[in-house]
$ cat final_1.txt   # compact mmCIF, C-alpha atoms and all ligand atoms
# COMPACT_ATOMS: atom_id res chain seq x y z
CA MET A 1 0.00 0.00 0.00
CA PRO A 2 1.60 3.37 -1.01
CA ARG A 3 2.16 5.68 1.89
CA ASN A 4 0.74 9.18 1.99
CA PRO A 5 3.85 11.36 2.39
CA THR A 6 1.98 14.07 4.35
CA GLN A 7 1.04 11.66 7.14
CA PRO A 8 3.46 11.01 9.97
CA SER A 9 5.15 7.74 9.49
CA PHE A 10 3.83 4.99 11.69
CA ARG A 11 7.08 3.24 11.22
CA THR A 12 8.98 6.05 12.92
CA TYR A 13 6.39 6.07 15.69
CA VAL A 14 6.23 2.38 16.44
CA SER A 15 9.84 1.61 15.79
CA ARG A 16 10.92 4.15 18.38
CA GLN A 17 12.72 2.66 21.35
CA TYR A 18 10.45 2.34 24.36
CA THR A 19 11.89 2.21 27.85
CA PRO A 20 10.19 -0.22 30.23
CA ALA A 21 8.43 1.54 33.09
CA ALA A 22 9.43 0.91 36.70
CA PRO A 23 8.00 -2.16 38.45
CA PRO A 24 5.29 -3.33 38.85
CA PHE A 25 4.57 -2.21 35.27
CA ARG A 26 6.96 -4.67 33.66
CA SER A 27 4.97 -7.76 34.50
CA GLU A 28 5.35 -10.61 32.05
CA ASN A 29 1.80 -11.80 32.57
CA ALA A 30 0.37 -8.37 31.73
CA ASP A 31 -2.01 -8.39 28.79
CA LEU A 32 -1.99 -4.78 27.60
CA ILE A 33 0.88 -2.48 26.69
CA LEU A 34 0.55 1.27 27.15
CA ARG A 35 3.07 3.49 25.38
CA THR A 36 3.54 7.15 26.21
CA PRO A 37 4.55 10.03 23.91
CA ASP A 38 7.82 10.27 25.85
CA SER A 39 8.75 6.71 24.94
CA SER A 40 7.89 4.70 28.02
CA GLU A 41 6.18 1.37 27.99
CA PHE A 42 3.86 0.15 30.76
CA CYS A 43 2.72 -3.47 30.93
CA VAL A 44 -0.67 -3.58 32.64
CA HIS A 45 -3.51 -5.96 33.34
CA LYS A 46 -6.72 -5.12 31.56
CA ASP A 47 -8.80 -6.69 34.32
CA THR A 48 -7.18 -4.53 36.99
CA LEU A 49 -7.94 -1.40 34.96
CA LEU A 50 -11.49 -2.57 34.28
CA TYR A 51 -12.07 -3.28 37.95
CA ALA A 52 -10.89 0.22 38.93
CA SER A 53 -12.79 2.06 36.23
CA SER A 54 -16.36 3.27 36.20
CA LEU A 55 -15.99 3.78 32.44
CA PRO A 56 -15.09 0.24 31.30
CA GLU A 57 -15.71 1.16 27.67
CA LYS A 58 -12.69 3.50 27.88
CA ILE A 59 -10.48 0.60 28.90
CA HIS A 60 -11.86 -1.70 26.19
CA GLN A 61 -11.30 1.11 23.68
CA LEU A 62 -7.62 1.32 24.59
CA ALA A 63 -7.00 -2.18 23.34
CA GLU A 64 -9.48 -2.07 20.48
CA VAL A 65 -8.31 1.25 19.03
CA ALA A 66 -4.73 0.06 19.20
CA THR A 67 -5.48 -3.07 17.25
CA ARG A 68 -7.75 -1.35 14.74
CA GLU A 69 -5.42 1.59 13.97
CA PHE A 70 -2.39 -0.50 13.43
CA ALA A 71 -4.14 -3.27 11.58
CA THR A 72 -4.60 -0.82 8.67
CA THR A 73 -0.88 -0.24 8.30
CA SER A 74 1.44 -2.72 6.78
CA TYR A 75 4.19 -1.93 9.30
CA GLU A 76 3.05 -3.13 12.71
CA PRO A 77 -0.01 -5.11 13.71
CA GLY A 78 -0.57 -3.17 16.96
CA LEU A 79 0.46 -6.22 18.92
CA ASP A 80 3.77 -6.89 20.55
CA TRP A 81 5.76 -10.07 19.95
CA ARG A 82 3.63 -11.81 22.61
CA LYS A 83 0.50 -10.70 20.72
CA ARG A 84 -0.49 -8.25 23.42
CA PRO A 85 -2.30 -5.13 22.14
CA ILE A 86 -0.29 -1.92 22.27
CA ALA A 87 -2.15 1.31 22.99
CA TYR A 88 -0.57 4.72 22.47
CA VAL A 89 -1.86 7.00 25.21
CA ARG A 90 -1.57 10.77 25.44
CA GLU A 91 -0.42 10.85 29.06
CA ASP A 92 3.30 11.24 29.60
CA LYS A 93 5.40 8.84 31.59
CA GLU A 94 5.20 10.64 34.94
CA THR A 95 1.43 11.10 34.75
CA LEU A 96 0.75 7.54 33.68
CA ASP A 97 3.04 6.18 36.37
CA LEU A 98 1.22 8.11 39.13
CA LEU A 99 -2.17 7.24 37.70
CA LEU A 100 -1.46 3.52 37.43
CA ARG A 101 0.07 3.44 40.90
CA LEU A 102 -3.11 4.98 42.27
CA VAL A 103 -4.98 2.16 40.55
CA TYR A 104 -2.60 -0.66 41.52
CA GLN A 105 -1.42 0.46 44.95
CA PRO A 106 -3.97 2.96 46.31
CA GLY A 107 -3.04 4.53 49.62
CA THR A 108 0.70 4.15 49.14
CA VAL A 109 1.40 6.77 46.50
CA ALA A 110 3.28 9.92 47.53
CA PRO A 111 1.90 13.17 46.08
CA PRO A 112 3.92 14.77 43.28
CA GLN A 113 6.21 17.69 44.15
CA ASP A 114 4.51 19.97 41.67
CA VAL A 115 0.78 20.43 42.22
CA LYS A 116 0.31 20.97 38.48
CA ARG A 117 1.04 17.28 38.09
CA ALA A 118 -1.74 16.45 40.56
CA PHE A 119 -4.17 18.35 38.32
CA ILE A 120 -2.98 16.44 35.25
CA VAL A 121 -3.37 13.12 37.07
CA PHE A 122 -6.83 14.22 38.18
CA LYS A 123 -7.84 14.96 34.58
CA ALA A 124 -6.46 11.63 33.39
CA ALA A 125 -8.27 9.76 36.19
CA CYS A 126 -11.53 11.44 35.10
CA LYS A 127 -10.92 10.47 31.50
CA TYR A 128 -10.48 6.76 32.28
CA GLY A 129 -13.09 6.70 35.06
CA PHE A 130 -10.57 5.77 37.79
CA ASP A 131 -12.70 7.20 40.59
CA GLU A 132 -10.46 6.21 43.48
CA ALA A 133 -7.46 7.77 41.73
CA ARG A 134 -9.50 10.88 40.99
CA ARG A 135 -10.35 11.24 44.69
CA ALA A 136 -6.71 10.74 45.66
CA ALA A 137 -5.56 13.44 43.22
CA LYS A 138 -8.25 15.72 44.61
CA ARG A 139 -6.87 15.16 48.12
CA TRP A 140 -3.37 16.02 46.88
CA ILE A 141 -4.70 19.26 45.43
CA ALA A 142 -6.59 20.10 48.62
CA ARG A 143 -3.48 19.52 50.72
CA SER A 144 -1.38 21.73 48.45
CA ALA A 145 -4.00 24.46 48.53
CA GLU A 146 -3.18 25.24 52.15
CA THR A 147 0.57 25.68 51.57
CA ASP A 148 0.59 26.84 47.97
CA PRO A 149 -2.80 28.49 47.35
CA ILE A 150 -1.78 30.78 44.50
CA HIS A 151 -0.31 27.96 42.48
CA VAL A 152 -3.38 25.79 43.07
CA TYR A 153 -5.68 28.70 42.34
CA ALA A 154 -3.95 29.57 39.07
CA THR A 155 -3.96 25.95 37.92
CA ALA A 156 -7.58 25.40 38.94
CA ASN A 157 -8.51 28.46 36.89
CA LYS A 158 -6.62 27.16 33.93
CA HIS A 159 -8.36 23.79 34.12
CA GLN A 160 -11.77 25.39 34.79
CA MET A 161 -12.18 23.65 38.16
CA PRO A 162 -14.26 26.07 40.26
CA GLU A 163 -14.39 23.81 43.33
CA GLU A 164 -10.60 23.67 43.62
CA ALA A 165 -10.33 27.39 42.82
CA GLU A 166 -12.68 28.12 45.72
CA LEU A 167 -10.72 25.84 48.02
CA ALA A 168 -7.51 27.64 47.12
CA ALA A 169 -9.16 31.04 47.49
CA ARG A 170 -10.23 30.05 51.03
CA ALA A 171 -6.73 28.85 51.83
CA SER A 172 -5.26 32.08 50.47
CA LEU A 173 -7.04 33.93 53.30
CA GLY A 174 -4.28 32.76 55.60
CA HIS A 175 -1.59 34.39 53.48
CA ASP A 176 -0.43 37.81 52.45
CA ILE A 177 -1.88 37.79 48.94
CA GLU A 178 0.29 40.58 47.52
CA GLN A 179 3.35 38.80 48.79
CA LEU A 180 2.22 35.44 47.44
CA CYS A 181 1.48 36.86 44.03
CA SER A 182 4.94 38.31 43.68
CA ASP A 183 6.23 34.73 43.89
CA ARG A 184 7.13 32.63 40.88
CA SER A 185 3.62 31.20 40.41
CA ALA A 186 2.03 34.60 39.90
CA GLY A 187 2.98 34.43 36.23
CA ASP A 188 0.14 31.93 35.73
CA LEU A 189 -2.40 34.21 37.33
CA SER A 190 -4.37 36.72 35.28
CA PHE A 191 -4.88 40.21 36.64
CA SER A 192 -8.61 39.69 37.10
CA ALA A 193 -8.07 36.38 38.91
CA PHE A 194 -5.61 38.12 41.22
CA ASN A 195 -8.14 40.89 41.85
CA SER A 196 -10.85 38.35 42.69
CA LEU A 197 -8.58 36.89 45.37
CA ARG A 198 -7.72 40.29 46.76
CA ALA A 199 -11.36 41.35 46.86
CA TYR A 200 -12.33 38.07 48.51
CA LYS A 201 -9.82 38.51 51.29
CA ALA A 202 -10.85 42.14 51.81
CA SER A 203 -14.52 41.14 52.21
CA CYS A 204 -13.72 38.29 54.57
CA VAL A 205 -11.49 40.47 56.74
CA ASN A 206 -14.20 43.09 56.79
CA ASP A 207 -16.84 40.54 57.89
CA ALA A 208 -14.56 39.21 60.61
CA LEU A 209 -13.68 42.65 61.96
CA THR A 210 -17.32 43.71 61.95
CA LEU A 211 -18.09 40.74 64.19
CA VAL A 212 -15.42 41.80 66.67
CA LYS A 213 -16.17 45.54 66.54
CA ASP A 214 -19.81 45.12 67.42
CA LEU A 215 -20.17 42.38 69.98
CA THR A 216 -23.89 42.87 70.65
CA TRP A 217 -24.58 39.43 69.12
CA MET A 218 -22.30 37.98 71.82
CA GLY A 219 -24.53 39.47 74.54
CA GLU A 220 -27.43 37.38 73.27
CA VAL A 221 -25.30 34.21 73.26
CA ALA A 222 -24.13 34.95 76.82
CA ARG A 223 -27.71 35.50 77.96
CA LEU A 224 -28.91 32.24 76.42
CA GLN A 225 -26.08 30.30 78.02
CA ASN A 226 -26.45 32.16 81.29
CA TRP A 227 -22.79 33.05 80.91
CA LYS A 228 -21.51 36.07 82.83
CA PRO A 229 -18.04 36.74 81.52
CA CYS A 230 -15.79 38.53 84.04
CA PHE A 231 -14.80 41.13 81.47
CA LEU A 232 -18.44 42.25 81.35
CA THR A 233 -19.36 41.88 85.01
CA CYS A 234 -16.23 42.88 86.94
CA SER A 235 -17.11 45.39 89.62
CA ASP A 236 -13.63 46.87 89.98
CA ILE A 237 -13.79 50.32 88.44
CA ALA A 238 -10.04 50.27 87.77
CA CYS A 239 -10.59 47.19 85.62
CA ARG A 240 -13.86 48.09 83.99
CA GLU A 241 -15.92 51.28 83.81
CA PRO A 242 -19.70 50.76 84.17
CA SER A 243 -21.30 49.44 80.99
CA ARG A 244 -17.87 48.97 79.36
CA TRP A 245 -15.59 46.01 78.82
CA SER A 246 -12.62 45.34 81.06
CA ARG A 247 -9.54 47.17 79.83
CA TRP A 248 -7.50 44.00 79.52
CA PHE A 249 -10.28 42.53 77.37
CA LEU A 250 -10.22 45.55 75.05
CA GLU A 251 -6.52 44.95 74.65
CA TYR A 252 -7.26 41.31 73.87
CA LEU A 253 -9.79 42.41 71.22
CA SER A 254 -7.18 44.55 69.50
CA ILE A 255 -4.83 41.56 69.39
CA ILE A 256 -7.64 39.50 67.85
CA LYS A 257 -8.36 42.19 65.26
CA ASN A 258 -4.75 42.17 64.15
CA ALA A 259 -4.74 38.38 63.92
CA LEU A 260 -7.98 38.38 61.90
CA ARG A 261 -6.53 40.92 59.50
CA GLU A 262 -3.83 38.33 58.76
CA ASP A 263 -6.22 35.38 58.59
CA PRO A 264 -9.96 36.02 59.02
CA ARG A 265 -10.89 32.33 59.27
CA ALA A 266 -12.20 30.57 62.38
CA ARG A 267 -8.95 28.71 62.80
CA THR A 268 -7.33 31.95 63.93
CA MET A 269 -9.49 31.87 67.06
CA ASP A 270 -8.85 28.16 67.55
CA HIS A 271 -5.14 28.90 67.76
CA MET A 272 -5.43 32.12 69.76
CA ASP A 273 -3.22 32.24 72.82
CA VAL A 274 -5.23 33.12 75.92
CA THR A 275 -2.23 33.32 78.20
CA GLY A 276 -0.55 36.25 76.45
CA LYS A 277 -0.16 39.92 77.30
CA ALA A 278 -3.85 40.69 77.87
CA PHE A 279 -4.15 37.71 80.16
CA ALA A 280 -1.18 38.94 82.22
CA GLN A 281 -3.05 42.23 82.69
CA ALA A 282 -6.20 40.37 83.73
CA ARG A 283 -4.25 38.77 86.52
CA GLY A 284 -3.73 42.26 87.93
CA CYS A 285 -7.47 42.41 88.70
CA TYR A 286 -8.54 40.59 91.82
CA ASN A 287 -11.98 39.75 90.35
CA CYS A 288 -10.87 38.74 86.89
CA ARG A 289 -7.72 36.74 87.64
CA LEU A 290 -9.64 33.55 88.49
CA HIS A 291 -11.99 33.58 85.53
CA ALA A 292 -10.07 35.28 82.72
CA ALA A 293 -8.56 32.15 81.15
CA ASN A 294 -11.87 30.26 81.13
CA ASP A 295 -13.87 33.21 79.90
CA LEU A 296 -11.39 33.95 77.13
CA ARG A 297 -11.44 30.35 76.02
CA LYS A 298 -15.22 30.41 75.94
CA PHE A 299 -15.18 33.71 74.08
CA ASN A 300 -12.78 32.24 71.52
CA ASN A 301 -15.04 29.22 70.96
CA ILE A 302 -18.11 31.34 70.42
CA LEU A 303 -16.34 33.77 68.11
CA SER A 304 -14.79 30.87 66.24
CA ARG A 305 -18.23 29.33 65.66
CA LYS A 306 -19.54 32.65 64.39
CA LEU A 307 -16.54 33.07 62.05
CA ARG A 308 -17.08 29.57 60.73
CA GLU A 309 -20.67 30.52 59.86
CA ILE A 310 -19.92 33.91 58.36
CA VAL A 311 -16.40 33.86 56.93
CA ASP A 312 -15.49 30.19 56.38
CA GLN A 313 -18.77 29.54 54.57
CA ARG A 314 -18.62 32.71 52.51
CA PRO A 315 -18.89 31.68 48.86
CA PHE A 316 -16.07 32.74 46.63
CA GLU A 317 -17.17 34.78 43.63
CA ALA A 318 -15.33 33.08 40.82
CA ASN A 319 -15.31 36.06 38.48
CA GLU A 320 -12.67 34.40 36.42
CA PHE A 321 -15.07 31.72 35.20
CA SER A 322 -17.85 34.11 34.25
CA HIS A 323 -15.31 36.27 32.40
CA ALA A 324 -14.05 33.27 30.51
CA GLN A 325 -17.61 32.42 29.49
CA HIS A 326 -18.41 35.97 28.39
CA ASN A 327 -15.39 35.99 26.13
CA HIS A 328 -16.88 33.16 24.10
CA TYR A 329 -19.97 35.13 23.14
ZN ZN A 401 -11.64 42.80 86.51

$ encode --input "final_1.txt" --output "structure tokens"
Amino acid sequence: MPRNPTQPSFRTYVSRQYTPAAPPFRSENADLILRTPDSSEFCVHKDTLLYASSLPEKIHQLAEVATREFATTSYEPGLDWRKRPIAYVREDKETLDLLLRLVYQPGTVAPPQDVKRAFIVFKAACKYGFDEARRAAKRWIARSAETDPIHVYATANKHQMPEEAELAARASLGHDIEQLCSDRSAGDLSFSAFNSLRAYKASCVNDALTLVKDLTWMGEVARLQNWKPCFLTCSDIACREPSRWSRWFLEYLSIIKNALREDPRARTMDHMDVTGKAFAQARGCYNCRLHAANDLRKFNNILSRKLREIVDQRPFEANEFSHAQHNHY
């Protein structure tokens, strides 16, 4: 059969040298060969892939397409010397290795260094219906979001994954966004995506500070719980003027405000030190010294619950996605 000179030569493609993948993907009793564009060869078991996949037709296709495509050429039959079908996949060696390990040895696979790889594995897991692998890649992304939110955010935007973008946006609340964006990963981030993050943090900080500035809601909680915090009931006029908070408590509030400006999430209150400077002042008051630690802890818990409701649950406006859609019309 004469070859069309404009088509890439199958001979060059199939006669390329393929390097065997690392174990366990060299198994002699494997019944399907997967070859990557970067010249690696993985020997896998079709049944194992079928068992792990919720899209079995995708797995059947791998073998079928391989055989069909190559059967039409006179060069290679699409089978190796043991008559095992060879499928040419689009995933590169590193992605396929991680993906197959998640299928073969779930629970033992270390996350990739670069979170971008986790996204690529996630996409590949979706494509082949490897649900367990997809969930694992999602967990990798979620874990990276906390330490590397900008990178995760930028990549989630690129892959149009609003859930991960929101997760990363939430995690970014614990960071100095300007500082983060001047890092290497900011190159991936569009100006409007960066602005969405900045605006999100500003709104969350504002919500958190509003809660602390006007504590009338706390009065209602205290009444319902029959809680009489010392910083609101102390009778020592040097500690607290009538109908005001104790001075040491006001100092504590200003410390909280600063901390919430850095990270407006509930976790800030969970980690708040109640034995710091303000607490040392409280010990100067005969009435407050016994109750201050308990009352502060209780105050932290209540404020933390409120922040969880108002800030941690605050939806992230993913402007980036709506902009991307508008551009198409
Ligand atoms: Zn007092």

$ residues_around --input "final_1.txt" --residues "A:Thr155" --least-positions-apart "2" --cutoff "8 Å" --atoms "only C-alpha atoms" --output "PyMOL selection string"
chain A and resi 116+119+151-153+157-159+188

$ residues_near_ligand --input "final_1.txt" --ligand "ligand ZN 401 (chain A)" --cutoff "9 Å" --atoms "all atoms listed in the file" --output "NGL selection string"
:A and (230-240 or 246-248 or 282-289 or 292)

$ residues_around --input "final_1.txt" --residues "stretch 87-91 of chain A" --least-positions-apart "4" --cutoff "7 Å" --atoms "all atoms listed in the file" --output "list of chain:residue names"
A:Ile33, A:Leu34, A:Arg35, A:Thr36, A:Pro37, A:Leu62, A:Ala63, A:Ala66, A:Thr95, A:Leu96

$ closest_residue --input "final_1.txt" --among "A:His45, A:Arg139, A:Lys298, A:Arg198" --to "A:Gly107" --atoms "only C-alpha atoms"
A:Arg139

$ atom_distance --input "final_1.txt" --atom1 "atom CA of A:Cys204" --atom2 "atom CA of A:Ala154"
20.3 Å

$ atom_distance --input "final_1.txt" --atom1 "atom CA of A:Ala156" --atom2 "atom CA of A:Phe316"
13.6 Å

$ build_atoms --input "final_1.txt" --residues "stretch 156-181 of chain A" --atoms "N, CA and C atoms" --output "short mmCIF file (atom, residue, chain, number, x, y, z; two decimals), in the frame of the given file"
data_model
loop_
_atom_site.label_atom_id
_atom_site.label_comp_id
_atom_site.auth_asym_id
_atom_site.auth_seq_id
_atom_site.Cartn_x
_atom_site.Cartn_y
_atom_site.Cartn_z
N ALA A 156 -6.15 25.72 38.93
CA ALA A 156 -7.58 25.40 38.94
C ALA A 156 -8.31 26.29 37.94
N ASN A 157 -7.91 27.56 37.86
CA ASN A 157 -8.51 28.46 36.89
C ASN A 157 -8.24 27.98 35.47
N LYS A 158 -7.02 27.59 35.26
CA LYS A 158 -6.62 27.16 33.93
C LYS A 158 -7.41 25.93 33.49
N HIS A 159 -7.64 25.02 34.45
CA HIS A 159 -8.36 23.79 34.12
C HIS A 159 -9.88 23.93 34.31
N GLN A 160 -10.34 25.15 34.59
CA GLN A 160 -11.77 25.39 34.79
C GLN A 160 -12.33 24.46 35.87
N MET A 161 -11.70 24.48 37.04
CA MET A 161 -12.18 23.65 38.16
C MET A 161 -12.58 24.56 39.32
N PRO A 162 -13.84 25.06 39.29
CA PRO A 162 -14.26 26.07 40.26
C PRO A 162 -14.17 25.59 41.71
N GLU A 163 -14.41 24.30 41.95
CA GLU A 163 -14.39 23.81 43.33
C GLU A 163 -12.98 23.95 43.93
N GLU A 164 -11.98 23.57 43.14
CA GLU A 164 -10.60 23.67 43.62
C GLU A 164 -10.17 25.14 43.71
N ALA A 165 -10.66 25.96 42.77
CA ALA A 165 -10.33 27.39 42.82
C ALA A 165 -10.86 27.99 44.12
N GLU A 166 -12.08 27.58 44.49
CA GLU A 166 -12.68 28.12 45.72
C GLU A 166 -11.90 27.66 46.95
N LEU A 167 -11.52 26.40 46.93
CA LEU A 167 -10.72 25.84 48.02
C LEU A 167 -9.43 26.63 48.21
N ALA A 168 -8.78 26.91 47.08
CA ALA A 168 -7.51 27.64 47.12
C ALA A 168 -7.74 29.08 47.56
N ALA A 169 -8.85 29.66 47.10
CA ALA A 169 -9.16 31.04 47.49
C ALA A 169 -9.34 31.10 49.01
N ARG A 170 -10.04 30.10 49.56
CA ARG A 170 -10.23 30.05 51.03
C ARG A 170 -8.88 29.95 51.73
N ALA A 171 -8.04 29.06 51.19
CA ALA A 171 -6.73 28.85 51.83
C ALA A 171 -5.87 30.11 51.74
N SER A 172 -6.08 30.87 50.66
CA SER A 172 -5.26 32.08 50.47
C SER A 172 -5.55 33.12 51.55
N LEU A 173 -6.69 32.97 52.25
CA LEU A 173 -7.04 33.93 53.30
C LEU A 173 -5.99 33.94 54.41
N GLY A 174 -5.29 32.84 54.55
CA GLY A 174 -4.28 32.76 55.60
C GLY A 174 -2.94 33.32 55.18
N HIS A 175 -2.87 33.90 53.99
CA HIS A 175 -1.59 34.39 53.48
C HIS A 175 -1.67 35.87 53.11
N ASP A 176 -0.51 36.47 52.98
CA ASP A 176 -0.43 37.81 52.45
C ASP A 176 -0.50 37.69 50.92
N ILE A 177 -1.64 38.08 50.36
CA ILE A 177 -1.88 37.79 48.94
C ILE A 177 -0.92 38.54 48.01
N GLU A 178 -0.66 39.81 48.35
CA GLU A 178 0.29 40.58 47.52
C GLU A 178 1.65 39.87 47.47
N GLN A 179 2.05 39.46 48.66
CA GLN A 179 3.35 38.80 48.79
C GLN A 179 3.38 37.50 47.98
N LEU A 180 2.31 36.72 48.15
CA LEU A 180 2.22 35.44 47.44
C LEU A 180 2.29 35.62 45.94
N CYS A 181 1.59 36.68 45.47
CA CYS A 181 1.48 36.86 44.03
C CYS A 181 2.78 37.38 43.42
#
